[in-house]
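What follows is a set of notes on a single structure, which appears directly below.
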Amino acid sequence: MNGTLKQVNMKKWNNSYKNNSFVTSYSFTWHRSLRRTLVLSVFMASLSIQTFSQTETFDIATYTPPKDFKKDSKAAVVNYTNVNQATGSICVIALFASTVSTGDAKKDFKKAWQELAVTPYKAEANPKTEMQTTTDGWEVVTAAAPIKLDGAELYVILTVASGFGKTMSIRTSLNDEAYTAQIDAMFASMELDKTKTSSMSNNNSTTTSITGTIGKFGLMNYTSPAGWSHQSFPDGVVFKPLDIPPGEYLSIQIMQPLNFSGSMEQALQQSFDEAAAMYNGTKMNYAGSGASYQKTEAKKSFQGWEYIRANGGIRIGTGDYPPEYGLDMFVTKINNRFERMAILKSRTINRSCSMSAFYADERQQYKTAIDNFLFSLQFTDGPQPLITQSKSLEGGGIKAVWRGISMNVSTATTSQPIGLGYNVFTPIFLSNGQAYFGPKFYSEGLNDVDTRVLAELYRRDWGTYTFSTGRGVLKMPYGDIPLRMEGNTLIITANHTDHRFYQLPSVDGAKFNGTYTMSEAYGKIPAITFSADGRFSDNGAIRVLYHEYNECINPALAPGSGAYEVKDYTITFSYSDGRKIKIAFLGTEYDINNQSPSMLRMSNNEDPMTRQ
């Protein structure tokens, strides 16, 4: 099919205003004329167009690029740029890789306009659009808007084609009508492949991962995060969450490996610089330090490979204060090369719900997905894992979750002037030899949690253990701690003092019945109603139990109802609107045979809820 997106008759609005300065004049009449002719940017019939220029293919599009335009290819976008130094004219045509369509062309366009026009250029949020359907079945939505770029006035035109399960965006930015003939010619030559399916074998493909897709890039083996889109390119792989709120952005990008003889720190620096350039970003100073990012020390992961991390920021766009994005780097060393992953995340300030800015990956479900993805990476020529994943919380003997009081060493405070005090500890001993010994149970409980990843993130509180014939040793980063069993009691001798711990009973399958309330919060009495058939109706209680200070990213902000399940010291709330929230439930003072106790304690803070 030739000319799927032929952008014809741009000359019509040029000729009407040939005596005007395109660069400086944006009259209402001119803008109205442009909008009126945008419908003609979609060619409504297939034409047989003979071309003698060399065609190129990017993603699902095959086309003839404009002559004398400089090509710049990235993993998910290809740009064609022409700058006339004599006249100051500029034109940039950007083709963006196709993604999974929502099934609604208008929704596809709205999302693309927000990401490609509003966010980078501060274009008007709701431009007038024109929509047409081609004879081959593509629905094409187009709009244009004036913008300012480094003080210069120009127009941005976005054309979004949707159909056959995918959508593709083409953005044209220009400040001179002289480019219209070249733009016409490129669009006239363009064909979109409606038969191309999402497949890992394609150079540019998109798949939607519901349960996590196993993939390969070079010598790297990965499992894509569940519920994220998954695009493969010759020079990388890009993952994006499908349920990210409008106006926010988050992606993981596997970059090409770096063959480099330098140190981990040097590889990190080069990788950060490359990623910033890849996103057309300007590096920022990290917290006034003069450096572009904050880095961790190089470490060896439980997978056996070394890694180093950094988090910094870049600005993407134009003007005095372009939008700020977080840019994190994760670099691993495998033999004589470095494998690199970049995480790009929007920074949002929403005064309607919080005075604090937040990054997209501060949402717990995204943070967990990213960490699990990074630490699950394996390599064909890499080492074998140093420790296997634990399959069970219980294994008899010491393998269980325990509760007791132990001395805690921390920073000196007014209440603890020498930094020593007693805290409730919840030790965990797992069947894979891992052990947790810290003052705070994981906020989401342990259901479907890879504890090896937790140990990477919170190294001080995690270690390993050995145990035989009633005695053993807990090996923590700060030292070895003796263990022994006396009857059903576990004795942990920390700081030369015996501390007694009792085993927490399993709460798997627990059911509750009744309405429970909490102390006033946010100007109301939080409440939740449970039924013995596994249903719940929440009116503010889960919002409190989640303990997220930034209301903008608290998934329990809105009340709701659905089903609940208790397993592995986690209560999972599955809302009827699709939300899934996990809260720790240790079962303190709870009898699994009593579904309506006078008090329930939930969350790792063990917040009390009183039955009504």
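Labels used: A, B, ... for chains in the order of the structure tokens, numbers from 1 for residues in each chain, and numbers from 1 for ligands as shown.
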message: Could you pull out the strand (DSSP E) residues of range 86-116 of chain A, going by DSSP on the backbone, and write them as a PyMOL selection string?
response: chain A and resi 89-100
For the residues in that selection, give me N, CA and C atoms as a short mmCIF file (atom, residue, chain, number, x, y, z; two decimals), in the first residue's frame.
```
data_model
loop_
_atom_site.label_atom_id
_atom_site.label_comp_id
_atom_site.auth_asym_id
_atom_site.auth_seq_id
_atom_site.Cartn_x
_atom_site.Cartn_y
_atom_site.Cartn_z
N SER A 89 16.12 28.38 8.95
CA SER A 89 15.01 27.44 8.87
C SER A 89 15.42 26.08 9.44
N ILE A 90 14.45 25.40 10.00
CA ILE A 90 14.71 24.08 10.57
C ILE A 90 13.47 23.21 10.41
N CYS A 91 13.71 21.94 10.18
CA CYS A 91 12.62 20.96 10.12
C CYS A 91 13.12 19.65 10.71
N VAL A 92 12.34 19.08 11.60
CA VAL A 92 12.68 17.80 12.21
C VAL A 92 11.47 16.87 12.05
N ILE A 93 11.67 15.73 11.43
CA ILE A 93 10.64 14.71 11.30
C ILE A 93 11.05 13.53 12.17
N ALA A 94 10.23 13.19 13.13
CA ALA A 94 10.55 12.11 14.07
C ALA A 94 9.53 10.98 13.93
N LEU A 95 10.02 9.79 13.64
CA LEU A 95 9.17 8.60 13.58
C LEU A 95 9.39 7.80 14.86
N PHE A 96 8.31 7.55 15.58
CA PHE A 96 8.39 6.83 16.85
C PHE A 96 7.92 5.39 16.66
N ALA A 97 8.60 4.48 17.31
CA ALA A 97 8.28 3.06 17.17
C ALA A 97 6.84 2.79 17.58
N SER A 98 6.21 1.88 16.87
CA SER A 98 4.83 1.54 17.16
C SER A 98 4.71 0.89 18.53
N THR A 99 3.56 1.07 19.13
CA THR A 99 3.24 0.45 20.41
C THR A 99 1.88 -0.23 20.30
N VAL A 100 1.48 -0.89 21.37
CA VAL A 100 0.18 -1.55 21.38
C VAL A 100 -0.93 -0.51 21.43
#
```
query: Hey, what's within 8 Å of Met220 in chain A if we count only C-alpha atoms and toss same-chain stuff fewer than 5 positions away? As a PyMOL selection string, please?
result: chain A and resi 377-380
Writer output for current selection, N, CA and C atoms, as an mmCIF file, in the first residue's frame:
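Output below, filename selection-v1.cif:
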```
data_model
loop_
_atom_site.group_PDB
_atom_site.id
_atom_site.type_symbol
_atom_site.label_atom_id
_atom_site.label_comp_id
_atom_site.auth_asym_id
_atom_site.auth_seq_id
_atom_site.Cartn_x
_atom_site.Cartn_y
_atom_site.Cartn_z
ATOM 1 N N LEU A 377 18.469 -10.787 35.944
ATOM 2 C CA LEU A 377 19.231 -10.907 34.704
ATOM 3 C C LEU A 377 20.266 -12.023 34.804
ATOM 4 N N GLN A 378 20.361 -12.793 33.753
ATOM 5 C CA GLN A 378 21.383 -13.831 33.653
ATOM 6 C C GLN A 378 22.044 -13.746 32.282
ATOM 7 N N PHE A 379 23.234 -14.306 32.179
ATOM 8 C CA PHE A 379 24.016 -14.163 30.960
ATOM 9 C C PHE A 379 24.555 -15.520 30.521
ATOM 10 N N THR A 380 24.523 -15.736 29.216
ATOM 11 C CA THR A 380 24.955 -17.017 28.663
ATOM 12 C C THR A 380 26.370 -17.365 29.089
#
```
query: Quick one: distance from CA of Met284 in chain A to CA of Glu265 in chain A in Å, one decimal?
result: 18.5 Å
- prompt: In Å, with one decimal, what is the gap from CA of Asn513 in chain A to CA of Gly578 in chain A?
  reply: 23.1 Å
message: Counting only C-alpha atoms, which residue out of A:Asn423, A:Asp498, A:Glu191, A:Phe437 sits closest to Tyr478 in chain A?
response: A:Phe437
message: Need to verify the contact set: range 584-590 of chain A, 12 Å, only C-alpha atoms, exclusion of same-chain residues closer than 5 positions in sequence. Can you return it as a ChimeraX atom specification?
response: /A:401-404,426,440-447,449,502-512,542,545-547,565-573,595-608
field: Contacts of Ile343 in chain A within 8 Å, only C-alpha atoms, excl. fewer than 6 positions in-chain, as a ChimeraX atom specification
entry: /A:250-253,326-329
Atom-to-atom span, CA of Glu153 in chain A and CA of Asn126 in chain A, Å: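 Separating CA of Glu153 in chain A from CA of Asn126 in chain A is a distance of 19.1 Å.
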For Ser406 in chain A: contacts at 9 Å, only C-alpha atoms, fewer than 4 positions along chain excluded, given as a PyMOL selection string: chain A and resi 421-425+439+492+494+497-500
message: So, with only C-alpha atoms as the atoms that count, which of A:Ala112, A:Ala342, A:Ala125, A:Leu242 lies closest to Gln256 in chain A?
response: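 Checking each of A:Ala112, A:Ala342, A:Ala125, A:Leu242 against Gln256 in chain A, counting only C-alpha atoms, the winner is A:Ala342.
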Non-local contacts of Leu483 in chain A (7 Å; only C-alpha atoms; under 5 positions in same chain excluded) as a count of residues only: 7
query: Counting only C-alpha atoms, which of A:Ile528, A:Cys353, A:Leu149, A:Ile428 gets nearest to Tyr465 in chain A?
result: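 Looking only at the distances to Tyr465 in chain A, the closest residue turns out to be A:Ile428.
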task: Tell me which of A:Ile316, A:Met355, A:Leu374, A:Leu158 sits closest to Thr332 in chain A, counting only C-alpha atoms.
output: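 Among the listed residues, A:Leu374 lies closest to Thr332 in chain A.
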message: From the options A:Pro482, A:Gln114, A:Ala188, A:Ile157, which residue's atoms come nearest to Pro246 in chain A, counting only C-alpha atoms?
response: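 For Pro246 in chain A, the nearest of the given residues is A:Gln114.
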query: Which of these residues is nearest to Gly218 in chain A, using only C-alpha atoms: A:Val83, A:Leu192, A:Ala277, A:Ile254?
result: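 Looking at the shortest contact to Gly218 in chain A, the residue is A:Ile254.
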Tyr249 in chain A surroundings by only C-alpha atoms, 10 Å radius, close-in-sequence under 3 positions cut, as a short mmCIF file (atom, residue, chain, number, x, y, z; two decimals) with N, CA and C atoms, in the first residue's frame:
```
data_model
loop_
_atom_site.label_atom_id
_atom_site.label_comp_id
_atom_site.auth_asym_id
_atom_site.auth_seq_id
_atom_site.Cartn_x
_atom_site.Cartn_y
_atom_site.Cartn_z
N GLU A 115 2.57 12.86 25.42
CA GLU A 115 3.97 12.44 25.55
C GLU A 115 4.90 13.16 24.59
N THR A 119 4.33 17.36 26.93
CA THR A 119 5.43 17.21 27.89
C THR A 119 6.73 17.85 27.42
N LYS A 240 7.84 -0.63 29.25
CA LYS A 240 7.06 0.45 29.85
C LYS A 240 5.83 -0.13 30.53
N PRO A 241 5.46 0.36 31.71
CA PRO A 241 4.24 -0.13 32.37
C PRO A 241 3.00 0.32 31.61
N ILE A 244 0.49 3.01 33.67
CA ILE A 244 1.02 4.23 34.26
C ILE A 244 0.01 5.36 34.10
N PRO A 245 -0.19 6.20 35.12
CA PRO A 245 -1.17 7.28 35.04
C PRO A 245 -0.83 8.27 33.93
N PRO A 246 -1.85 8.92 33.35
CA PRO A 246 -1.61 9.92 32.31
C PRO A 246 -0.67 11.02 32.80
N TYR A 325 13.55 14.85 34.51
CA TYR A 325 13.37 13.41 34.57
C TYR A 325 14.49 12.80 35.42
N LEU A 344 14.46 5.62 32.85
CA LEU A 344 14.04 7.02 32.70
C LEU A 344 12.68 7.17 33.34
N LYS A 345 12.53 8.21 34.18
CA LYS A 345 11.29 8.35 34.95
C LYS A 345 10.92 9.82 35.08
N SER A 346 9.65 10.10 34.90
CA SER A 346 9.18 11.48 35.01
C SER A 346 9.17 11.92 36.47
N ARG A 347 9.31 13.22 36.66
CA ARG A 347 9.20 13.84 37.98
C ARG A 347 7.96 14.71 37.98
N THR A 348 7.07 14.45 38.91
CA THR A 348 5.76 15.08 38.90
C THR A 348 5.51 15.83 40.20
N TYR A 359 8.89 10.75 41.74
CA TYR A 359 9.25 10.09 40.49
C TYR A 359 8.30 8.93 40.26
N ALA A 360 8.12 8.58 39.00
CA ALA A 360 7.16 7.53 38.65
C ALA A 360 7.48 6.20 39.32
N ASP A 361 8.78 5.90 39.51
CA ASP A 361 9.13 4.61 40.10
C ASP A 361 9.02 4.59 41.61
#
```
message: Please identify the alpha helix (DSSP H) residues within range 225-390 of chain A (assignment by DSSP from backbone atoms) and present them as a ChimeraX atom specification.
response: /A:264-278,364-375
